[in-house]
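*Asks:* The structure file my_file_8.txt (compact mmCIF, C-alpha atoms) is provided below.
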```txt
# COMPACT_ATOMS: atom_id res chain seq x y z
CA MET A 1 -30.73 -20.25 -7.67
CA GLY A 2 -31.42 -18.54 -4.35
CA GLU A 3 -28.23 -19.97 -2.95
CA LEU A 4 -26.21 -18.58 -5.88
CA LEU A 5 -27.79 -15.16 -5.35
CA ILE A 6 -26.79 -15.21 -1.71
CA ILE A 7 -23.23 -16.14 -2.68
CA ALA A 8 -23.18 -13.30 -5.24
CA VAL A 9 -24.50 -10.60 -2.91
CA GLY A 10 -22.36 -11.90 -0.09
CA SER A 11 -19.08 -11.66 -1.98
CA ALA A 12 -19.87 -8.49 -3.94
CA LEU A 13 -21.06 -6.33 -1.05
CA VAL A 14 -20.94 -7.92 2.38
CA ASN A 15 -17.51 -9.56 2.19
CA ASN A 16 -16.14 -7.02 -0.29
CA VAL A 17 -12.81 -8.31 -1.51
CA VAL A 18 -10.93 -5.05 -0.93
CA LEU A 19 -12.74 -3.42 1.94
CA SER A 20 -13.38 -6.43 4.14
CA GLN A 21 -10.94 -9.14 3.01
CA PHE A 22 -8.00 -6.81 2.26
CA LEU A 23 -7.18 -8.56 -0.99
CA GLY A 24 -6.17 -6.76 -4.18
CA ILE A 25 -5.03 -3.65 -2.34
CA CYS A 26 -2.20 -2.88 -4.78
CA PRO A 27 -4.38 -2.19 -7.84
CA PHE A 28 -6.97 -0.61 -5.54
CA LEU A 29 -4.44 2.04 -4.50
CA GLY A 30 -2.39 2.12 -7.70
CA VAL A 31 -4.97 2.34 -10.47
CA SER A 32 -7.63 4.40 -8.72
CA LYS A 33 -6.57 7.90 -9.76
CA LYS A 34 -9.09 8.24 -12.58
CA VAL A 35 -12.57 6.76 -12.90
CA GLU A 36 -11.85 5.75 -16.47
CA THR A 37 -8.75 3.67 -15.71
CA ALA A 38 -10.38 2.28 -12.57
CA ALA A 39 -13.31 1.03 -14.64
CA GLY A 40 -10.88 -0.51 -17.15
CA MET A 41 -9.03 -2.28 -14.36
CA GLY A 42 -12.34 -3.46 -12.90
CA GLY A 43 -13.41 -4.86 -16.27
CA ALA A 44 -10.15 -6.75 -16.66
CA VAL A 45 -10.42 -8.13 -13.12
CA ILE A 46 -14.00 -9.35 -13.70
CA PHE A 47 -12.85 -11.03 -16.90
CA VAL A 48 -9.82 -12.76 -15.40
CA ILE A 49 -11.30 -13.78 -12.04
CA THR A 50 -14.34 -15.39 -13.67
CA ILE A 51 -12.19 -17.47 -16.01
CA ALA A 52 -9.65 -18.21 -13.28
CA SER A 53 -12.33 -19.48 -10.87
CA PHE A 54 -13.55 -21.85 -13.55
CA VAL A 55 -10.11 -23.19 -14.49
CA THR A 56 -8.84 -23.53 -10.91
CA GLY A 57 -12.15 -25.22 -10.04
CA LEU A 58 -11.50 -27.78 -12.78
CA ILE A 59 -7.89 -28.32 -11.68
CA TYR A 60 -8.90 -28.82 -8.07
CA GLU A 61 -11.77 -31.17 -8.80
CA PHE A 62 -10.09 -33.33 -11.43
CA LEU A 63 -6.39 -33.18 -10.57
CA LEU A 64 -5.69 -32.31 -6.94
CA GLU A 65 -8.66 -33.90 -5.16
CA PRO A 66 -8.50 -37.35 -6.84
CA THR A 67 -4.76 -37.62 -6.23
CA GLY A 68 -5.05 -36.39 -2.63
CA PHE A 69 -2.66 -33.50 -3.09
CA GLU A 70 -5.00 -30.73 -1.95
CA TYR A 71 -2.17 -29.05 -0.05
CA LEU A 72 -0.51 -28.17 -3.37
CA GLN A 73 -3.44 -25.88 -4.24
CA THR A 74 -1.63 -22.57 -3.57
CA ILE A 75 1.43 -23.22 -5.74
CA VAL A 76 -0.55 -24.89 -8.53
CA PHE A 77 -3.12 -22.09 -8.58
CA ILE A 78 -0.40 -19.45 -8.80
CA LEU A 79 1.10 -21.28 -11.77
CA VAL A 80 -2.23 -21.74 -13.49
CA ILE A 81 -3.41 -18.16 -12.97
CA ALA A 82 -0.15 -16.64 -14.24
CA ALA A 83 -0.26 -18.83 -17.33
CA LEU A 84 -3.95 -18.17 -17.83
CA VAL A 85 -3.48 -14.41 -17.86
CA GLN A 86 -0.66 -14.79 -20.38
CA PHE A 87 -2.85 -16.96 -22.55
CA VAL A 88 -5.87 -14.67 -22.34
CA GLU A 89 -3.65 -11.74 -23.33
CA MET A 90 -2.34 -13.56 -26.40
CA PHE A 91 -5.80 -14.79 -27.32
CA LEU A 92 -7.40 -11.35 -27.06
CA LYS A 93 -4.60 -9.69 -29.03
CA LYS A 94 -5.24 -12.01 -31.94
CA VAL A 95 -8.97 -12.60 -31.82
CA MET A 96 -10.49 -9.49 -30.25
CA PRO A 97 -8.17 -6.49 -30.78
CA PRO A 98 -10.72 -3.88 -29.57
CA LEU A 99 -11.17 -5.67 -26.26
CA TYR A 100 -7.39 -6.05 -26.03
CA GLN A 101 -7.00 -2.29 -26.59
CA ALA A 102 -9.40 -1.63 -23.72
CA LEU A 103 -8.06 -4.18 -21.22
CA GLY A 104 -4.55 -4.80 -22.53
CA VAL A 105 -2.65 -2.50 -20.19
CA TYR A 106 -4.27 -3.98 -17.11
CA LEU A 107 -4.02 -7.67 -17.93
CA PRO A 108 -0.31 -8.13 -17.04
CA LEU A 109 -0.94 -6.27 -13.77
CA ILE A 110 -3.53 -8.85 -12.79
CA THR A 111 -1.02 -11.71 -13.00
CA THR A 112 0.14 -10.76 -9.55
CA ASN A 113 -3.20 -9.58 -8.18
CA CYS A 114 -3.75 -11.44 -4.94
CA ALA A 115 -7.53 -11.08 -5.29
CA VAL A 116 -7.47 -13.61 -8.13
CA LEU A 117 -5.58 -16.19 -6.07
CA GLY A 118 -7.67 -15.30 -3.04
CA VAL A 119 -10.92 -16.09 -4.83
CA ALA A 120 -9.57 -19.42 -6.10
CA LEU A 121 -8.48 -20.44 -2.60
CA ASN A 122 -11.73 -19.20 -1.04
CA ASN A 123 -13.71 -21.34 -3.48
CA VAL A 124 -11.88 -24.39 -2.17
CA GLN A 125 -12.15 -23.34 1.46
CA TYR A 126 -15.92 -22.77 1.29
CA GLU A 127 -16.26 -26.10 -0.59
CA TYR A 128 -18.03 -24.51 -3.53
CA ASN A 129 -18.66 -26.60 -6.63
CA ILE A 130 -17.52 -25.23 -9.99
CA LEU A 131 -20.72 -23.27 -10.77
CA GLN A 132 -20.81 -21.75 -7.28
CA GLY A 133 -17.12 -20.98 -7.61
CA VAL A 134 -17.60 -19.13 -10.90
CA VAL A 135 -20.51 -17.13 -9.47
CA ASN A 136 -18.45 -16.32 -6.37
CA GLY A 137 -15.51 -15.24 -8.56
CA PHE A 138 -17.65 -13.05 -10.79
CA ALA A 139 -19.40 -11.40 -7.83
CA THR A 140 -16.13 -10.84 -5.98
CA ALA A 141 -14.71 -9.10 -9.05
CA VAL A 142 -17.85 -6.98 -9.37
CA GLY A 143 -17.34 -6.01 -5.71
CA PHE A 144 -13.76 -5.06 -6.55
CA THR A 145 -14.94 -2.94 -9.48
CA ILE A 146 -17.57 -1.20 -7.35
CA SER A 147 -15.06 -0.24 -4.67
CA ILE A 148 -12.27 0.82 -7.05
CA VAL A 149 -14.61 2.98 -9.15
CA ILE A 150 -16.07 4.67 -6.06
CA MET A 151 -12.53 5.17 -4.77
CA ALA A 152 -11.43 6.75 -8.05
CA GLY A 153 -14.43 9.08 -7.96
CA ILE A 154 -13.53 10.21 -4.45
CA ARG A 155 -9.85 10.62 -5.38
CA GLU A 156 -10.74 12.84 -8.33
CA LYS A 157 -12.58 15.10 -5.86
CA ILE A 158 -9.73 15.01 -3.36
CA GLU A 159 -7.38 16.30 -6.11
CA CYS A 160 -9.21 19.64 -5.99
CA ASN A 161 -9.05 19.92 -2.22
CA ASP A 162 -6.46 21.47 0.00
CA VAL A 163 -5.05 18.49 1.90
CA THR A 164 -2.70 19.01 4.84
CA PRO A 165 0.85 18.31 3.59
CA ALA A 166 1.30 15.45 6.06
CA PHE A 167 -1.73 13.67 4.59
CA LYS A 168 -1.01 14.33 0.91
CA GLY A 169 -0.78 11.35 -1.42
CA THR A 170 -1.17 7.85 -0.02
CA PRO A 171 -2.15 8.70 3.59
CA ILE A 172 -5.36 10.49 2.58
CA VAL A 173 -6.15 7.62 0.21
CA LEU A 174 -5.80 5.11 3.03
CA VAL A 175 -7.99 7.25 5.30
CA THR A 176 -10.58 7.34 2.51
CA ALA A 177 -10.33 3.57 2.09
CA SER A 178 -10.91 3.00 5.78
CA LEU A 179 -13.98 5.27 5.76
CA MET A 180 -15.28 3.34 2.76
CA ALA A 181 -14.69 0.09 4.64
CA ILE A 182 -16.75 1.41 7.54
CA ALA A 183 -19.51 2.37 5.11
CA PHE A 184 -19.48 -1.09 3.54
CA PHE A 185 -19.67 -2.57 7.04
CA GLY A 186 -23.29 -1.43 6.91
CA PHE A 187 -24.00 -4.22 4.42
CA SER A 188 -23.19 -6.89 7.02
CA GLY A 189 -26.85 -7.19 8.06
CA LEU A 190 -27.88 -7.99 4.50
CA ILE A 191 -27.46 -11.77 4.64
CA MET B 1 1.17 -39.44 3.06
CA ILE B 2 4.53 -38.17 4.30
CA SER B 3 6.83 -40.51 2.51
CA ILE B 4 9.45 -40.27 -0.17
CA THR B 5 6.93 -41.35 -2.83
CA GLY B 6 4.55 -38.64 -1.63
CA ILE B 7 7.22 -35.99 -2.09
CA ILE B 8 8.13 -37.32 -5.52
CA LEU B 9 4.47 -37.48 -6.58
CA ALA B 10 3.90 -33.89 -5.43
CA ALA B 11 6.95 -32.77 -7.39
CA VAL B 12 5.70 -34.68 -10.43
CA ILE B 13 2.25 -33.06 -10.24
CA VAL B 14 3.58 -29.51 -9.89
CA GLY B 15 6.33 -30.15 -12.44
CA GLY B 16 3.87 -31.76 -14.81
CA VAL B 17 1.45 -28.85 -14.55
CA GLY B 18 4.34 -26.44 -15.12
CA LEU B 19 5.63 -28.42 -18.11
CA PHE B 20 2.18 -28.66 -19.64
CA ILE B 21 1.62 -24.93 -19.18
CA GLY B 22 5.02 -24.13 -20.65
CA VAL B 23 4.48 -26.24 -23.76
CA PHE B 24 0.89 -24.99 -24.10
CA LEU B 25 1.94 -21.32 -23.84
CA GLY B 26 4.79 -21.91 -26.25
CA PHE B 27 2.48 -23.34 -28.87
CA SER B 28 -0.28 -20.81 -28.37
CA GLY B 29 2.33 -18.04 -28.57
CA LYS B 30 3.06 -19.24 -32.09
CA ALA B 31 -0.58 -19.85 -32.95
CA PHE B 32 -1.75 -16.44 -31.76
CA ALA B 33 1.29 -14.45 -32.90
CA VAL B 34 0.28 -11.05 -34.17
CA GLU B 35 2.43 -9.59 -36.90
CA VAL B 36 3.88 -6.26 -35.85
CA ASP B 37 5.75 -4.10 -38.31
CA GLU B 38 9.42 -4.26 -37.32
CA ARG B 39 9.85 -0.57 -38.04
CA GLU B 40 7.16 0.27 -35.47
CA GLU B 41 9.10 -1.41 -32.67
CA ALA B 42 12.31 0.22 -33.84
CA ILE B 43 10.67 3.65 -33.79
CA VAL B 44 9.28 3.07 -30.28
CA GLY B 45 12.87 2.28 -29.32
CA VAL B 46 14.23 5.66 -30.42
CA LEU B 47 11.32 7.79 -29.17
CA PRO B 48 11.83 9.39 -25.73
CA GLY B 49 9.28 7.13 -24.05
CA ASN B 50 7.74 9.72 -21.75
CA ASN B 51 4.30 9.15 -23.31
CA CYS B 52 3.68 12.87 -22.83
CA GLY B 53 1.21 13.11 -25.72
CA GLY B 54 2.82 16.27 -27.11
CA CYS B 55 2.60 14.80 -30.62
CA GLY B 56 -1.18 14.50 -30.40
CA TYR B 57 -1.21 10.70 -30.28
CA ALA B 58 -1.82 8.40 -27.33
CA GLY B 59 1.75 7.94 -26.17
CA CYS B 60 4.94 7.05 -28.02
CA SER B 61 3.64 3.76 -29.43
CA GLY B 62 0.67 5.63 -30.90
CA LEU B 63 2.97 8.00 -32.74
CA ALA B 64 5.15 5.11 -33.92
CA ALA B 65 2.11 3.36 -35.40
CA ALA B 66 1.02 6.61 -37.08
CA ILE B 67 4.49 7.17 -38.58
CA VAL B 68 4.62 3.65 -39.99
CA ALA B 69 1.11 4.08 -41.38
CA GLY B 70 2.24 7.30 -43.04
CA GLU B 71 -0.20 9.45 -41.06
CA ALA B 72 2.46 11.37 -39.16
CA GLU B 73 5.72 13.05 -40.14
CA VAL B 74 9.03 11.50 -39.08
CA SER B 75 9.61 14.73 -37.16
CA GLY B 76 6.29 14.27 -35.33
CA CYS B 77 7.91 14.09 -31.89
CA PRO B 78 8.33 17.63 -30.53
CA VAL B 79 10.26 16.37 -27.53
CA GLY B 80 12.96 14.43 -29.34
CA GLY B 81 13.48 17.15 -31.92
CA ALA B 82 16.01 16.85 -34.73
CA PRO B 83 18.15 13.96 -33.36
CA VAL B 84 15.15 11.67 -32.92
CA ALA B 85 13.65 12.74 -36.25
CA ALA B 86 16.91 11.82 -37.97
CA LYS B 87 16.91 8.36 -36.38
CA ILE B 88 13.26 7.75 -37.29
CA ALA B 89 13.93 8.93 -40.85
CA GLU B 90 16.75 6.39 -41.04
CA ILE B 91 14.41 3.61 -39.90
CA MET B 92 11.75 4.70 -42.37
CA GLY B 93 14.36 5.17 -45.10
CA GLN B 94 13.59 8.79 -45.87
CA GLU B 95 15.16 12.20 -45.48
CA ALA B 96 14.40 14.13 -42.33
CA GLY B 97 13.26 17.68 -42.84
CA GLU B 98 14.86 20.39 -40.77
CA THR B 99 13.25 20.79 -37.38
CA ILE B 100 13.47 23.91 -35.31
CA ARG B 101 13.92 23.39 -31.59
CA LYS B 102 11.20 25.18 -29.73
CA THR B 103 10.63 26.16 -26.15
CA ALA B 104 7.65 27.39 -24.20
CA PHE B 105 7.55 31.04 -23.20
CA VAL B 106 5.29 32.78 -20.69
CA LYS B 107 4.19 36.15 -22.04
CA CYS B 108 3.98 37.90 -18.68
CA GLY B 109 6.60 39.42 -16.41
CA GLY B 110 4.28 40.80 -13.74
CA THR B 111 5.92 39.46 -10.61
CA CYS B 112 4.47 40.10 -7.15
CA GLU B 113 6.24 43.44 -6.71
CA LYS B 114 5.71 44.74 -10.26
CA ALA B 115 2.03 43.94 -10.80
CA GLY B 116 -0.62 45.14 -8.39
CA LYS B 117 -3.19 43.09 -6.53
CA ASP B 118 -6.80 44.04 -5.86
CA TYR B 119 -7.22 41.77 -2.85
CA GLU B 120 -5.72 38.79 -1.04
CA TYR B 121 -6.88 35.36 -2.15
CA THR B 122 -6.59 32.23 -0.04
CA GLY B 123 -8.39 29.40 -1.75
CA VAL B 124 -7.88 26.53 -4.12
CA GLU B 125 -4.56 26.99 -5.88
CA ASP B 126 -5.49 26.44 -9.49
CA CYS B 127 -5.65 28.92 -12.36
CA ARG B 128 -8.83 27.41 -13.79
CA VAL B 129 -10.69 28.19 -10.58
CA MET B 130 -10.02 31.89 -11.17
CA ALA B 131 -12.84 32.01 -13.71
CA PHE B 132 -15.18 31.77 -10.71
CA VAL B 133 -13.36 34.28 -8.54
CA GLN B 134 -14.15 37.97 -8.40
CA ASN B 135 -12.44 39.99 -11.18
CA GLY B 136 -10.87 36.78 -12.50
CA GLY B 137 -8.39 36.54 -9.66
CA PRO B 138 -6.66 38.89 -7.26
CA LYS B 139 -4.21 40.31 -9.80
CA SER B 140 -5.20 43.78 -11.01
CA CYS B 141 -4.16 42.96 -14.58
CA ASN B 142 -6.77 40.82 -16.30
CA TYR B 143 -4.33 39.44 -18.85
CA GLY B 144 -1.38 38.45 -16.68
CA CYS B 145 -0.12 35.22 -15.18
CA MET B 146 -2.04 34.39 -12.00
CA GLY B 147 0.73 32.18 -10.66
CA TYR B 148 -1.42 29.32 -9.36
CA GLY B 149 0.55 26.83 -11.38
CA SER B 150 -1.88 24.89 -13.59
CA CYS B 151 1.00 24.76 -16.08
CA VAL B 152 3.38 23.47 -13.41
CA LYS B 153 1.04 20.59 -12.62
CA VAL B 154 0.75 19.39 -16.23
CA CYS B 155 4.45 19.69 -17.14
CA PRO B 156 5.88 16.16 -17.48
CA PHE B 157 9.47 17.44 -17.55
CA ASP B 158 9.53 19.68 -14.46
CA ALA B 159 10.46 22.57 -16.75
CA ILE B 160 8.04 25.28 -15.60
CA HIS B 161 7.84 26.81 -12.15
CA VAL B 162 6.08 29.68 -10.48
CA VAL B 163 8.73 32.15 -9.36
CA ASP B 164 7.65 35.31 -7.56
CA GLY B 165 4.04 34.89 -8.65
CA VAL B 166 4.71 34.30 -12.34
CA ALA B 167 5.32 31.07 -14.26
CA VAL B 168 8.85 30.85 -15.65
CA VAL B 169 10.02 28.25 -18.17
CA ASP B 170 13.36 26.52 -17.79
CA LYS B 171 14.51 26.74 -21.40
CA GLU B 172 16.97 23.87 -21.11
CA ALA B 173 14.51 21.44 -19.54
CA CYS B 174 11.57 22.41 -21.79
CA LYS B 175 10.80 19.91 -24.53
CA ALA B 176 8.03 21.96 -26.18
CA CYS B 177 5.39 19.28 -25.72
CA GLY B 178 2.75 22.00 -25.52
CA LYS B 179 0.89 20.76 -22.43
CA CYS B 180 1.28 24.04 -20.57
CA VAL B 181 0.08 25.95 -23.64
CA ALA B 182 -3.17 24.04 -23.46
CA ALA B 183 -3.41 24.28 -19.66
CA CYS B 184 -3.12 28.06 -19.33
CA PRO B 185 -6.63 29.55 -19.18
CA LYS B 186 -5.24 32.97 -20.11
CA ASN B 187 -3.43 31.64 -23.19
CA LEU B 188 -0.21 33.22 -21.96
CA ILE B 189 2.15 30.46 -23.01
CA GLU B 190 3.44 30.19 -26.55
CA LEU B 191 5.92 27.89 -28.24
CA VAL B 192 8.75 30.01 -29.64
CA PRO B 193 12.00 29.06 -31.39
CA TYR B 194 14.74 28.20 -28.91
CA GLU B 195 17.14 30.48 -30.80
CA GLN B 196 14.93 33.57 -30.60
CA LYS B 197 16.38 35.82 -27.92
CA HIS B 198 13.97 38.75 -27.90
CA LEU B 199 10.39 38.18 -26.81
CA VAL B 200 7.59 40.42 -25.57
CA GLN B 201 6.97 39.61 -21.94
CA CYS B 202 3.40 40.91 -21.72
CA SER B 203 -0.03 40.01 -23.07
CA SER B 204 -2.15 42.93 -21.95
CA GLN B 205 -4.48 44.31 -24.60
CA ASP B 206 -5.49 47.29 -22.48
CA LYS B 207 -4.65 50.84 -23.48
CA GLY B 208 -1.33 52.25 -22.26
CA LYS B 209 -2.80 54.26 -19.39
CA ASP B 210 -4.77 51.32 -18.00
CA VAL B 211 -1.74 49.07 -18.25
CA MET B 212 0.40 51.62 -16.38
CA SER B 213 -2.08 51.77 -13.54
CA VAL B 214 -1.95 48.02 -12.81
CA CYS B 215 1.55 46.88 -13.77
CA LYS B 216 5.04 48.35 -13.92
CA VAL B 217 6.13 45.99 -16.70
CA GLY B 218 3.19 46.07 -19.11
CA CYS B 219 3.29 46.75 -22.85
CA ILE B 220 1.75 50.19 -23.43
CA GLY B 221 1.62 49.82 -27.19
CA CYS B 222 3.88 52.81 -27.89
CA LYS B 223 5.17 51.26 -31.14
CA MET B 224 8.78 52.26 -30.42
CA CYS B 225 9.89 48.71 -31.15
CA GLN B 226 7.91 48.59 -34.37
CA LYS B 227 9.63 51.75 -35.60
CA VAL B 228 13.13 50.72 -34.62
CA CYS B 229 13.00 47.17 -36.01
CA PRO B 230 15.09 47.05 -39.21
CA SER B 231 13.56 43.81 -40.45
CA GLU B 232 9.90 44.74 -39.87
CA ALA B 233 9.44 41.76 -37.59
CA ILE B 234 7.44 43.62 -34.95
CA THR B 235 3.81 44.60 -35.24
CA VAL B 236 1.72 46.29 -32.58
CA GLU B 237 -1.88 45.14 -32.67
CA ASN B 238 -4.54 45.47 -29.98
CA ASN B 239 -2.08 47.49 -27.89
CA ILE B 240 0.42 44.65 -27.70
CA ALA B 241 3.69 44.15 -29.57
CA HIS B 242 4.26 40.89 -31.35
CA ILE B 243 7.58 39.66 -32.79
CA ASP B 244 7.41 37.46 -35.88
CA PRO B 245 10.06 34.76 -35.33
CA GLU B 246 10.38 34.20 -39.10
CA LYS B 247 11.63 37.74 -39.65
CA CYS B 248 13.43 38.41 -36.35
CA THR B 249 17.22 38.54 -36.69
CA ASN B 250 17.96 38.77 -32.96
CA CYS B 251 19.55 42.24 -33.46
CA GLY B 252 18.28 43.41 -30.07
CA LEU B 253 17.41 46.99 -31.07
CA CYS B 254 13.83 46.58 -29.82
CA ALA B 255 15.01 45.46 -26.39
CA GLU B 256 17.20 48.56 -26.11
CA LYS B 257 14.48 50.91 -27.22
CA CYS B 258 11.54 49.56 -25.19
CA PRO B 259 10.71 52.20 -22.55
CA LYS B 260 9.18 49.62 -20.18
CA LYS B 261 12.02 47.12 -20.71
CA ILE B 262 9.61 44.28 -21.34
CA ILE B 263 11.28 42.95 -24.46
CA LEU B 264 13.86 40.52 -23.21
```
Represent the structure of the file as structure tokens.
*Replies:*
Amino acid sequence: MGELLIIAVGSALVNNVVLSQFLGICPFLGVSKKVETAAGMGGAVIFVITIASFVTGLIYEFLLEPTGFEYLQTIVFILVIAALVQFVEMFLKKVMPPLYQALGVYLPLITTNCAVLGVALNNVQYEYNILQGVVNGFATAVGFTISIVIMAGIREKIECNDVTPAFKGTPIVLVTASLMAIAFFGFSGLI
Amino acid sequence: MISITGIILAAVIVGGVGLFIGVFLGFSGKAFAVEVDEREEAIVGVLPGNNCGGCGYAGCSGLAAAIVAGEAEVSGCPVGGAPVAAKIAEIMGQEAGETIRKTAFVKCGGTCEKAGKDYEYTGVEDCRVMAFVQNGGPKSCNYGCMGYGSCVKVCPFDAIHVVDGVAVVDKEACKACGKCVAACPKNLIELVPYEQKHLVQCSSQDKGKDVMSVCKVGCIGCKMCQKVCPSEAITVENNIAHIDPEKCTNCGLCAEKCPKKIIL
């Protein structure tokens, strides 16, 4: 239990997926204009990464490892994650329409989110078992949600400020992101 | 492991996974198929697709769903106007009512040189902020356009611009979605028929003398236009002239008669 907690805190705060591992930057910059949409994106990411960590964990343990083809992990994981997102989208549309309404727009975007693949590959690299992998995936996604929601909050404030023309748009967002990364660096003493 | 069998095995594994996924997705696509009304997709196809929200629904697909459900009129899209309404009516199999093309109009002509300023303001450029600024902004007239462009920011069609301190609508580009109408804190913007040529370019409800002291192009409520109008389309209330588009015949007598030349 304690070990799982350390994994969770470690990947949610200390090794934050966006601010310290530089994964999932595209949605982090693209969907962080409003807190509401950022939270929606975060929810969808939590949902998909948790399921994806479980499924890729299964594939690795029961297909790739026994056959000795571990080096195929990247390409197989990409395939599996893309298909999984498609499937989840179909499933939600039919079975849980309200949840689909809330997450639907963001699900196709996650197909190409490198954070999802990154978590799956990290799970293998750190030699996590399936349970540890799922916890790591969930916590990583929570870390993503934390940073994207904070980012959206800051961007909403920036909108009202007079930014120098040269820094308008993406540059000021990147400056903000780097300051956030420095702030999150403070968590490194935690574990 | 580097051997021809290794390569073949790797290809088989990846290919097998891909094949399995393909078949699985194909079947689940059938199993989880959600029935969508064909007409809804067809309507989404003919709508402009800007998702501007001018119709009051969440984007074009929202309006399409509402039209199919019978909650919205076939002419519900203000942007597409009559051509789109006709196409939707065809899809729905009903007659399209006549739609009047509208355009936004800013009821203020007080440009920098014509309307006075009380002081210089250098702060956040947003009309809504003016509620917190002394005298509701630097402009002497309390009713006029402040020119900080809240309407410009919300316009999805790049049809409204601040020229010389006053917002001006580009009639051709305007799709009458109504976003600027909602954005203007002074309620200066109105949707008027595209055909209507003569409009009162002022919103001041002050008495004539007060208007004269702050702006060279303010309505002084003299009622000249009301008297000259042959079709009784103009009424002067609260010291401001208003033209009823239903009655206006575009004769132009009011524009000629107006002593301040504020009726266009």
*Asks:* Chain A residues within 10 Å of chain B, counting all atoms listed in the file: which ones, as a list in words?
*Replies:* Ile59, Leu63, Leu64, Thr67, Gly68, Phe69, Tyr71, Leu72, Gln73, Ile75, Val76, Leu79, Val80, Ala82, Ala83, Leu84, Gln86, Phe87, Glu89, Met90, Phe91, Leu92, Lys93, Lys94, Val95, Cys160, Asn161 and Asp162 of chain A
*Asks:* Residues of segment 63-112 of chain B that have any atom at most 9 Å from an atom of segment 183-195 of chain B: could you tabulate them with the shortest-distance atom pair and the distance in Å to one decimal, using all atoms listed in the file, ordered by chain and increasing number, as JSON lines?
*Replies:*
```
{"residue": "B:Ile100", "atom": "CA", "partner": "B:Pro193", "partner_atom": "CA", "distance": 6.6}
{"residue": "B:Arg101", "atom": "CA", "partner": "B:Tyr194", "partner_atom": "CA", "distance": 5.6}
{"residue": "B:Lys102", "atom": "CA", "partner": "B:Pro193", "partner_atom": "CA", "distance": 4.3}
{"residue": "B:Thr103", "atom": "CA", "partner": "B:Tyr194", "partner_atom": "CA", "distance": 5.4}
{"residue": "B:Ala104", "atom": "CA", "partner": "B:Leu191", "partner_atom": "CA", "distance": 4.4}
{"residue": "B:Phe105", "atom": "CA", "partner": "B:Glu190", "partner_atom": "CA", "distance": 5.4}
{"residue": "B:Val106", "atom": "CA", "partner": "B:Ile189", "partner_atom": "CA", "distance": 4.5}
{"residue": "B:Lys107", "atom": "CA", "partner": "B:Leu188", "partner_atom": "CA", "distance": 5.3}
{"residue": "B:Cys108", "atom": "CA", "partner": "B:Leu188", "partner_atom": "CA", "distance": 7.1}
```
*Asks:* Residues as selected, C-alpha atoms, written as a tab-separated table (two decimals), in the coordinates of the input, can you do that?
*Replies:*
```tsv
chain	number	residue	atom	x	y	z
B	100	ILE	CA	13.47	23.91	-35.31
B	101	ARG	CA	13.92	23.39	-31.59
B	102	LYS	CA	11.20	25.18	-29.73
B	103	THR	CA	10.63	26.16	-26.15
B	104	ALA	CA	7.65	27.39	-24.20
B	105	PHE	CA	7.55	31.04	-23.20
B	106	VAL	CA	5.29	32.78	-20.69
B	107	LYS	CA	4.19	36.15	-22.04
B	108	CYS	CA	3.98	37.90	-18.68
```
*Asks:* Report the distance between atom CA of Ser140 of chain B and atom CA of Val214 of chain B in Å, rounded to one decimal place.
*Replies:*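 Taking atom CA of Ser140 of chain B and atom CA of Val214 of chain B, their separation equals 5.6 Å.
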*Asks:* Please determine an axis-aligned box that encloses all atoms of segment 150-158 of chain B listed in the file, with 5 Å added on each side, and express its centre and edge lengths in Å to one decimal as lines of an AutoDock Vina configuration file.
*Replies:*
```
center_x = 3.8
center_y = 20.5
center_z = -15.1
size_x = 21.4
size_y = 18.7
size_z = 14.9
```
*Asks:* Within 8 Å of Phe138 of chain A, counting only C-alpha atoms, which residues show up once you throw out same-chain ones fewer than 5 positions away? Write them as a CSV table (one decimal) with C-alpha atoms, in the frame of the given file, please.
*Replies:*
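To be explicit, this is the file written out as out18.csv:
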```csv
chain,number,residue,atom,x,y,z
A,8,ALA,CA,-23.2,-13.3,-5.2
A,46,ILE,CA,-14.0,-9.4,-13.7
A,49,ILE,CA,-11.3,-13.8,-12.0
A,50,THR,CA,-14.3,-15.4,-13.7
```
*Asks:* Write out as a list in words which residues come within 9 Å of Leu107 of chain A when counting only C-alpha atoms, dropping same-chain ones fewer than 2 positions away.
*Replies:*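 In the requested form, the answer reads Met41, Ala44, Val45, Val48, Val85, Gln86, Val88, Glu89, Tyr100, Leu103, Gly104, Val105, Leu109, Ile110 and Thr111 of chain A.
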*Asks:* Can you pull out the residues contacting Gly24 of chain A? Cut-off 9 Å, using only C-alpha atoms, and skip same-chain residues under 4 positions away; I want them as a PyMOL selection string.
*Replies:* chain A and resi 17-18+28-29+113-116+118+144
*Asks:* Atom CA of Val200 of chain B to atom CA of Ile243 of chain B: how many Å, to one decimal?
*Replies:*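 Distance between the two atoms: 7.3 Å.
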*Asks:* What would the list of residues within 8 Å of (-3.8, 40.0, -22.1) (file frame) look like as a list in words, if only C-alpha atoms are what count?
*Replies:* Asn142, Tyr143, Gly144, Lys186, Leu188, Cys202, Ser203, Ser204, Gln205 and Asp206 of chain B
*Asks:* Could you pull out every residue with an atom within 8 Å of (0.9, 37.2, -14.9), file coordinates, counting all atoms listed in the file, and send them as an MDAnalysis selection string?
*Replies:* chainID B and resid 107:111 115 139 141 143:147 165:167
*Asks:* Got a sec: who's within 12 Å of Lys157 of chain A, counting only C-alpha atoms, leaving out chain neighbours fewer than 4 positions off, as a ChimeraX atom specification?
*Replies:* /A:33-35,150-153,161-163,173,176
*Asks:* Looking at A:Phe62, A:Leu131, A:Pro27, A:Ala120, which one is nearest to Pro108 of chain A, with distances taken over all atoms listed in the file?
*Replies:*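 Closest to Pro108 of chain A, using all atoms listed in the file: A:Pro27.
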